[in-house]
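Content type mmCIF, C-alpha atoms, from the file final-v8.cif:
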```
data_input
loop_
_atom_site.label_atom_id
_atom_site.label_comp_id
_atom_site.auth_asym_id
_atom_site.auth_seq_id
_atom_site.Cartn_x
_atom_site.Cartn_y
_atom_site.Cartn_z
CA LEU A 1 5.07 -59.01 -14.53
CA THR A 2 4.69 -56.42 -11.77
CA SER A 3 1.43 -55.28 -13.33
CA GLY A 4 0.22 -58.87 -13.31
CA LEU A 5 1.01 -59.29 -9.62
CA PHE A 6 -0.88 -56.08 -8.95
CA LEU A 7 -3.87 -57.53 -10.78
CA ILE A 8 -3.79 -60.66 -8.61
CA LEU A 9 -3.65 -58.65 -5.40
CA HIS A 10 -6.29 -56.25 -6.63
CA LEU A 11 -8.79 -58.69 -8.14
CA ALA A 12 -8.44 -61.77 -5.95
CA PRO A 13 -10.56 -61.74 -2.80
CA PRO A 14 -8.64 -61.56 0.48
CA ILE A 15 -7.66 -64.92 1.94
CA TRP A 16 -9.36 -64.16 5.20
CA SER A 17 -12.68 -63.67 3.43
CA TYR A 18 -13.17 -67.38 2.79
CA ASN A 19 -11.93 -70.73 3.96
CA THR A 20 -12.49 -72.78 0.81
CA PRO A 21 -12.20 -71.19 -2.66
CA THR A 22 -15.41 -71.20 -4.61
CA HIS A 23 -15.57 -72.38 -8.24
CA GLN A 24 -15.99 -68.75 -9.38
CA THR A 25 -12.95 -67.59 -7.44
CA THR A 26 -10.83 -70.46 -8.73
CA THR A 27 -11.83 -69.70 -12.32
CA LYS A 28 -10.92 -66.01 -11.91
CA MET A 29 -7.51 -66.92 -10.44
CA MET A 30 -6.81 -69.32 -13.31
CA LYS A 31 -7.59 -66.61 -15.88
CA ILE A 32 -5.24 -64.17 -14.16
CA VAL A 33 -2.44 -66.75 -14.01
CA ALA A 34 -2.94 -67.55 -17.73
CA ALA A 35 -2.76 -63.85 -18.59
CA LEU A 36 0.47 -63.56 -16.61
CA CYS A 37 1.98 -66.48 -18.54
CA ILE A 38 1.12 -64.83 -21.87
CA LEU A 39 2.54 -61.51 -20.64
CA ALA A 40 5.75 -63.18 -19.52
CA SER A 41 6.10 -65.01 -22.86
CA ALA A 42 5.63 -61.79 -24.84
CA SER A 43 8.17 -59.92 -22.75
CA ALA A 44 10.65 -62.77 -23.23
CA PHE A 45 10.37 -62.83 -27.03
CA ALA A 46 10.15 -59.07 -27.71
CA PRO A 47 13.79 -58.26 -26.91
CA ALA A 48 14.96 -61.29 -28.89
CA GLN A 49 12.97 -60.22 -31.96
CA SER A 50 14.23 -56.65 -31.62
CA SER A 51 17.80 -57.92 -31.27
CA GLN A 52 17.45 -60.12 -34.36
CA LYS A 53 16.10 -57.17 -36.34
CA SER A 54 19.02 -55.00 -35.21
CA VAL A 55 21.55 -57.69 -36.18
CA ALA A 56 19.93 -58.09 -39.61
CA LEU A 57 19.93 -54.31 -40.16
CA ASN A 58 23.61 -54.00 -39.19
CA ALA A 59 24.46 -56.86 -41.53
CA LEU A 60 22.63 -55.07 -44.38
CA ILE A 61 24.50 -51.84 -43.61
CA ASP A 62 27.86 -53.64 -43.68
CA GLU A 63 26.91 -55.46 -46.88
CA SER A 64 25.91 -52.19 -48.57
CA PHE A 65 28.63 -49.84 -47.31
CA GLY A 66 31.38 -51.86 -45.63
CA ILE A 67 33.02 -52.99 -48.83
CA SER A 68 36.46 -51.47 -48.27
CA VAL A 69 39.30 -53.60 -46.95
CA GLU A 70 40.50 -50.47 -45.17
CA THR A 71 37.49 -50.64 -42.84
CA GLY A 72 37.56 -54.42 -42.40
CA SER A 73 34.40 -54.79 -44.48
CA LYS A 74 32.52 -52.84 -41.83
CA CYS A 75 30.60 -49.61 -42.30
CA PRO A 76 32.40 -46.76 -40.50
CA PRO A 77 30.77 -45.66 -37.19
CA LEU A 78 29.57 -42.31 -38.53
CA GLY A 79 27.85 -43.98 -41.48
CA ARG A 80 26.26 -46.56 -39.19
CA GLU A 81 24.92 -43.80 -36.96
CA ILE A 82 23.36 -42.04 -39.97
CA LEU A 83 21.82 -45.26 -41.31
CA LYS A 84 20.60 -46.83 -38.07
CA ASP A 85 17.05 -45.48 -38.45
CA ALA A 86 16.85 -45.67 -42.26
CA GLY A 87 15.35 -49.16 -42.52
CA PRO A 88 16.10 -51.65 -45.33
CA GLU A 89 14.56 -49.53 -48.11
CA GLY A 90 16.31 -46.38 -46.88
CA ILE A 91 19.66 -48.19 -46.78
CA LYS A 92 19.20 -49.27 -50.41
CA TRP A 93 18.33 -45.67 -51.32
CA PHE A 94 21.59 -44.43 -49.77
CA GLN A 95 23.55 -47.22 -51.46
CA ASN A 96 22.14 -46.33 -54.88
CA ALA A 97 22.86 -42.64 -54.22
CA GLU A 98 26.50 -43.39 -53.39
CA ILE A 99 26.99 -45.49 -56.52
CA LYS A 100 25.34 -42.84 -58.70
CA HIS A 101 27.30 -39.93 -57.25
CA GLY A 102 30.51 -41.93 -57.44
CA ARG A 103 29.94 -42.41 -61.18
CA VAL A 104 29.23 -38.72 -61.63
CA ALA A 105 32.37 -37.86 -59.67
CA MET A 106 34.50 -40.13 -61.87
CA PHE A 107 33.15 -38.41 -64.99
CA ALA A 108 33.71 -35.01 -63.38
CA PHE A 109 37.26 -35.80 -62.26
CA VAL A 110 38.29 -36.99 -65.73
CA GLY A 111 36.43 -34.08 -67.32
CA TYR A 112 38.18 -31.60 -65.06
CA CYS A 113 41.60 -32.95 -66.07
CA VAL A 114 40.76 -33.06 -69.79
CA GLN A 115 39.09 -29.67 -70.18
CA SER A 116 41.90 -28.00 -68.24
CA ASN A 117 44.16 -28.89 -71.16
CA VAL A 118 42.10 -29.37 -74.34
CA HIS A 119 38.71 -28.45 -75.80
CA TRP A 120 36.72 -29.42 -78.87
CA PRO A 121 38.41 -28.10 -82.04
CA TRP A 122 35.20 -27.25 -83.89
CA PRO A 123 33.06 -24.14 -83.28
CA ARG A 124 30.56 -24.24 -80.44
CA LYS A 125 27.89 -22.30 -82.36
CA LEU A 126 26.94 -21.75 -85.99
CA ASP A 127 28.28 -18.22 -85.84
CA GLY A 128 31.78 -19.65 -85.28
CA SER A 129 32.04 -19.00 -81.52
CA PRO A 130 34.67 -21.34 -80.05
CA PHE A 131 34.44 -23.37 -76.87
CA PRO A 132 35.78 -21.67 -73.70
CA SER A 133 39.57 -21.46 -73.76
CA THR A 134 41.82 -23.69 -71.66
CA ASP A 135 43.27 -20.49 -70.23
CA LEU A 136 40.18 -20.59 -68.01
CA SER A 137 39.74 -23.03 -65.16
CA PRO A 138 36.88 -25.56 -65.45
CA PRO A 139 34.52 -23.50 -63.22
CA GLU A 140 35.28 -20.42 -65.33
CA GLN A 141 34.65 -22.44 -68.50
CA TRP A 142 31.25 -23.46 -67.14
CA ALA A 143 30.43 -19.87 -66.24
CA ALA A 144 31.37 -18.81 -69.80
CA LEU A 145 28.77 -21.13 -71.38
CA PRO A 146 25.55 -19.50 -72.61
CA ILE A 147 22.39 -20.25 -70.67
CA GLU A 148 21.04 -22.42 -73.52
CA SER A 149 23.96 -24.82 -73.16
CA LYS A 150 23.38 -25.13 -69.43
CA HIS A 151 19.69 -25.84 -70.02
CA GLN A 152 20.54 -28.64 -72.47
CA ILE A 153 22.84 -30.27 -69.91
CA LEU A 154 20.33 -29.89 -67.09
CA THR A 155 17.52 -31.30 -69.24
CA LEU A 156 19.52 -34.41 -70.14
CA ILE A 157 20.49 -35.02 -66.50
CA GLY A 158 16.89 -34.52 -65.41
CA PHE A 159 15.59 -36.97 -68.01
CA LEU A 160 18.07 -39.67 -66.98
CA GLU A 161 17.22 -39.16 -63.32
CA VAL A 162 13.47 -39.37 -63.85
CA TYR A 163 13.76 -42.34 -66.24
CA SER A 164 15.93 -44.31 -63.82
CA GLU A 165 13.28 -43.91 -61.10
CA LEU A 166 10.17 -44.51 -63.19
CA ALA A 167 11.24 -47.12 -65.75
CA SER A 168 10.99 -49.93 -63.19
CA SER A 169 7.28 -49.13 -62.84
CA LEU A 170 6.58 -49.61 -66.55
CA SER A 171 5.29 -52.90 -67.92
CA THR A 172 7.95 -53.72 -70.48
CA GLU A 173 10.00 -56.79 -71.28
CA GLU A 174 13.09 -54.89 -70.17
CA GLY A 175 11.52 -53.97 -66.83
CA GLN A 176 13.43 -54.48 -63.61
CA ALA A 177 12.54 -54.11 -59.96
CA HIS A 178 13.21 -50.77 -58.31
CA TYR A 179 16.37 -50.76 -56.19
CA MET A 180 14.26 -50.10 -53.07
CA LYS A 181 11.90 -52.98 -53.93
CA GLY A 182 14.32 -55.84 -54.44
CA GLY A 183 16.23 -54.54 -57.47
CA LYS A 184 19.97 -53.91 -57.69
CA PRO A 185 21.24 -50.51 -56.53
CA GLY A 186 23.19 -48.81 -59.31
CA ALA A 187 21.58 -50.80 -62.13
CA PHE A 188 20.34 -48.24 -64.66
CA PRO A 189 17.25 -49.46 -66.59
CA ALA A 190 17.70 -50.41 -70.22
CA PHE A 191 16.32 -48.23 -72.99
CA GLY A 192 13.68 -50.38 -74.64
CA SER A 193 10.00 -50.20 -75.46
CA ALA A 194 9.58 -47.62 -72.70
CA ILE A 195 11.15 -45.13 -75.14
CA PRO A 196 8.86 -44.22 -78.09
CA HIS A 197 11.70 -44.40 -80.61
CA PRO A 198 14.68 -46.71 -81.20
CA VAL A 199 17.74 -46.17 -78.99
CA PRO A 200 20.84 -47.98 -80.31
CA PHE A 201 22.74 -48.11 -77.00
CA ASN A 202 21.88 -48.35 -73.33
CA LEU A 203 23.40 -45.92 -70.87
CA PHE A 204 24.76 -48.77 -68.74
CA ASP A 205 27.10 -51.19 -70.52
CA PRO A 206 26.23 -49.90 -74.03
CA PHE A 207 28.47 -52.48 -75.79
CA GLY A 208 27.45 -55.45 -73.63
CA PHE A 209 30.92 -56.13 -72.21
CA SER A 210 29.59 -57.26 -68.82
CA LYS A 211 26.49 -59.05 -70.11
CA ASN A 212 27.98 -62.55 -69.90
CA LYS A 213 30.12 -62.04 -66.81
CA SER A 214 29.51 -64.20 -63.74
CA GLU A 215 27.78 -62.78 -60.69
CA GLU A 216 31.07 -63.00 -58.77
CA ALA A 217 32.85 -60.94 -61.42
CA LYS A 218 30.05 -58.36 -61.42
CA ALA A 219 30.17 -58.12 -57.61
CA SER A 220 33.94 -57.64 -57.71
CA GLY A 221 33.58 -54.97 -60.38
CA LEU A 222 30.99 -53.12 -58.29
CA VAL A 223 33.37 -53.04 -55.30
CA LYS A 224 36.08 -51.52 -57.48
CA GLU A 225 33.63 -49.04 -58.99
CA ILE A 226 32.40 -47.85 -55.59
CA ASN A 227 35.93 -47.44 -54.22
CA ASN A 228 37.03 -45.54 -57.34
CA GLY A 229 33.91 -43.38 -57.04
CA ARG A 230 34.73 -42.53 -53.44
CA LEU A 231 38.29 -41.63 -54.44
CA ALA A 232 37.00 -39.50 -57.34
CA MET A 233 34.69 -37.56 -54.99
CA LEU A 234 37.63 -36.79 -52.70
CA GLY A 235 39.82 -35.87 -55.67
CA LEU A 236 37.24 -33.53 -57.17
CA PHE A 237 36.72 -31.78 -53.84
CA GLY A 238 40.50 -31.47 -53.62
CA PHE A 239 40.54 -29.62 -56.95
CA LEU A 240 37.76 -27.25 -55.94
CA THR A 241 39.20 -26.64 -52.47
CA GLU A 242 42.62 -25.73 -53.85
CA GLN A 243 40.98 -23.44 -56.40
CA THR A 244 39.02 -21.46 -53.85
CA ILE A 245 41.56 -21.65 -50.98
CA PRO A 246 45.03 -21.62 -52.61
CA GLY A 247 47.54 -23.66 -50.63
CA SER A 248 44.92 -25.77 -48.84
CA VAL A 249 45.96 -28.86 -50.86
CA PRO A 250 49.78 -28.66 -51.10
CA LEU A 251 50.04 -31.36 -53.77
CA LEU A 252 47.91 -29.24 -56.12
CA THR A 253 49.48 -25.86 -55.41
CA GLY A 254 50.61 -24.28 -58.67
CA ILE A 255 48.81 -26.96 -60.71
CA VAL A 256 45.19 -25.91 -60.25
CA LYS A 257 44.24 -22.41 -61.38
CA PRO A 258 42.74 -20.21 -58.61
CA TYR A 259 39.06 -19.33 -58.83
CA GLU A 260 37.59 -16.30 -57.06
CA GLY A 261 33.93 -16.85 -57.92
CA ALA A 262 31.28 -18.56 -55.81
CA LEU A 263 31.13 -22.25 -56.70
CA ILE A 264 27.65 -22.97 -55.37
CA ALA A 265 25.53 -19.86 -54.99
CA GLY A 266 27.29 -17.60 -57.45
CA LYS A 267 25.47 -15.92 -60.31
CA GLU A 268 27.75 -17.72 -62.77
CA PHE A 269 26.31 -21.07 -61.73
CA THR A 270 22.63 -20.30 -62.03
CA PHE A 271 20.56 -22.03 -64.69
CA PHE A 272 18.33 -18.99 -65.21
#
```
Please rewrite the model in this file as structure tokens.
Amino acid sequence: LTSGLFLILHLAPPIWSYNTPTHQTTTKMMKIVAALCILASASAFAPAQSSQKSVALNALIDESFGISVETGSKCPPLGREILKDAGPEGIKWFQNAEIKHGRVAMFAFVGYCVQSNVHWPWPRKLDGSPFPSTDLSPPEQWAALPIESKHQILTLIGFLEVYSELASSLSTEEGQAHYMKGGKPGAFPAFGSAIPHPVPFNLFDPFGFSKNKSEEAKASGLVKEINNGRLAMLGLFGFLTEQTIPGSVPLLTGIVKPYEGALIAGKEFTFF
């Protein structure tokens, strides 16, 4: 608006230079006034549009991450700060990542508890070598596996990761939209004609238990799954923390075996 006033003062001829405005002067003044009106209208609507976009983005963040009753169905402040510049597609990426890592953590938590107490009874190799003993902690059991076993596990995980990202781009009857393009975060694509050989079961819901459930039941199940996944991530980190820093988790002291190796960068955890 200030710029527009400057234009009027700068472009309009001084009042003392004429007594009666000419047609040319009047036309110029009318154009400047019209430009000012457009400028004022744009400045009035821009903040409103920006505010509406911000409200919609916050609503999407709460819908995607504020599912816990403990937080009043609102995304915690730290999460909101991280996600504020992510945009709708980025928010869906983070939501899918949380669901996926929650599922992995639930598998890992149960696996940690089971392999701390039992292992497969049959030999691990044709030469009769057994599976790592339960006298070892789970990280030590992993470190005791031969490199070939680790490569098999890594290859399977890599295949599932790549397939889950690319399958939505394939033209098949089982195709589904990518979770960042309107699809459902956490929905793993079905194994169908995208695989060159028959696959009897899908990774997600292999026995079809949730196939005929209502959308409300599925939404409720997803809330429970995400909350259990969050709890499993905390529980697994509790195990590993107590192992590497004995006494740091009092409830697990004397239950979890200590581990003196490096959990992340140690030689025992390399895949090569």
Quiz item: CA of Glu242 (chain A) and CA of Ser133 (chain A) are how many Å apart?
Solution: 20.6 Å
Using 8 Å as the limit and counting all atoms listed in the file, can you tabulate each residue of region 225-246 of chain A that touches region 104-116 of chain A, with its shortest atom-to-atom distance in Å and the two atoms involved, as JSON lines?
```
{"residue": "A:Asn228", "atom": "CA", "partner": "A:Met106", "partner_atom": "CA", "distance": 7.5}
{"residue": "A:Gly229", "atom": "CA", "partner": "A:Met106", "partner_atom": "CA", "distance": 5.9}
{"residue": "A:Ala232", "atom": "CA", "partner": "A:Met106", "partner_atom": "CA", "distance": 5.2}
{"residue": "A:Met233", "atom": "CA", "partner": "A:Ala105", "partner_atom": "CA", "distance": 5.2}
{"residue": "A:Gly235", "atom": "CA", "partner": "A:Phe109", "partner_atom": "CA", "distance": 7.1}
{"residue": "A:Leu236", "atom": "CA", "partner": "A:Phe109", "partner_atom": "CA", "distance": 5.6}
```
Quiz item: What gap, in Å, lies between CA of Gly183 (chain A) and CA of Phe65 (chain A)?
Solution: 16.7 Å
Practice problem: Return the single residue from A:Asp135, A:Ser164, A:Arg230, A:Phe237 that is closest to Glu98 (chain A), with distances computed using only C-alpha atoms. | Solution: A:Arg230
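The nearest approach to Leu231 (chain A) among the residues A:Gln243, A:Ile195, A:Pro138, A:His101, with all atoms listed in the file taken into account, belongs to A:His101.
We find CA of Glu89 (chain A) and CA of Met180 (chain A) to be spaced 5.0 Å apart.
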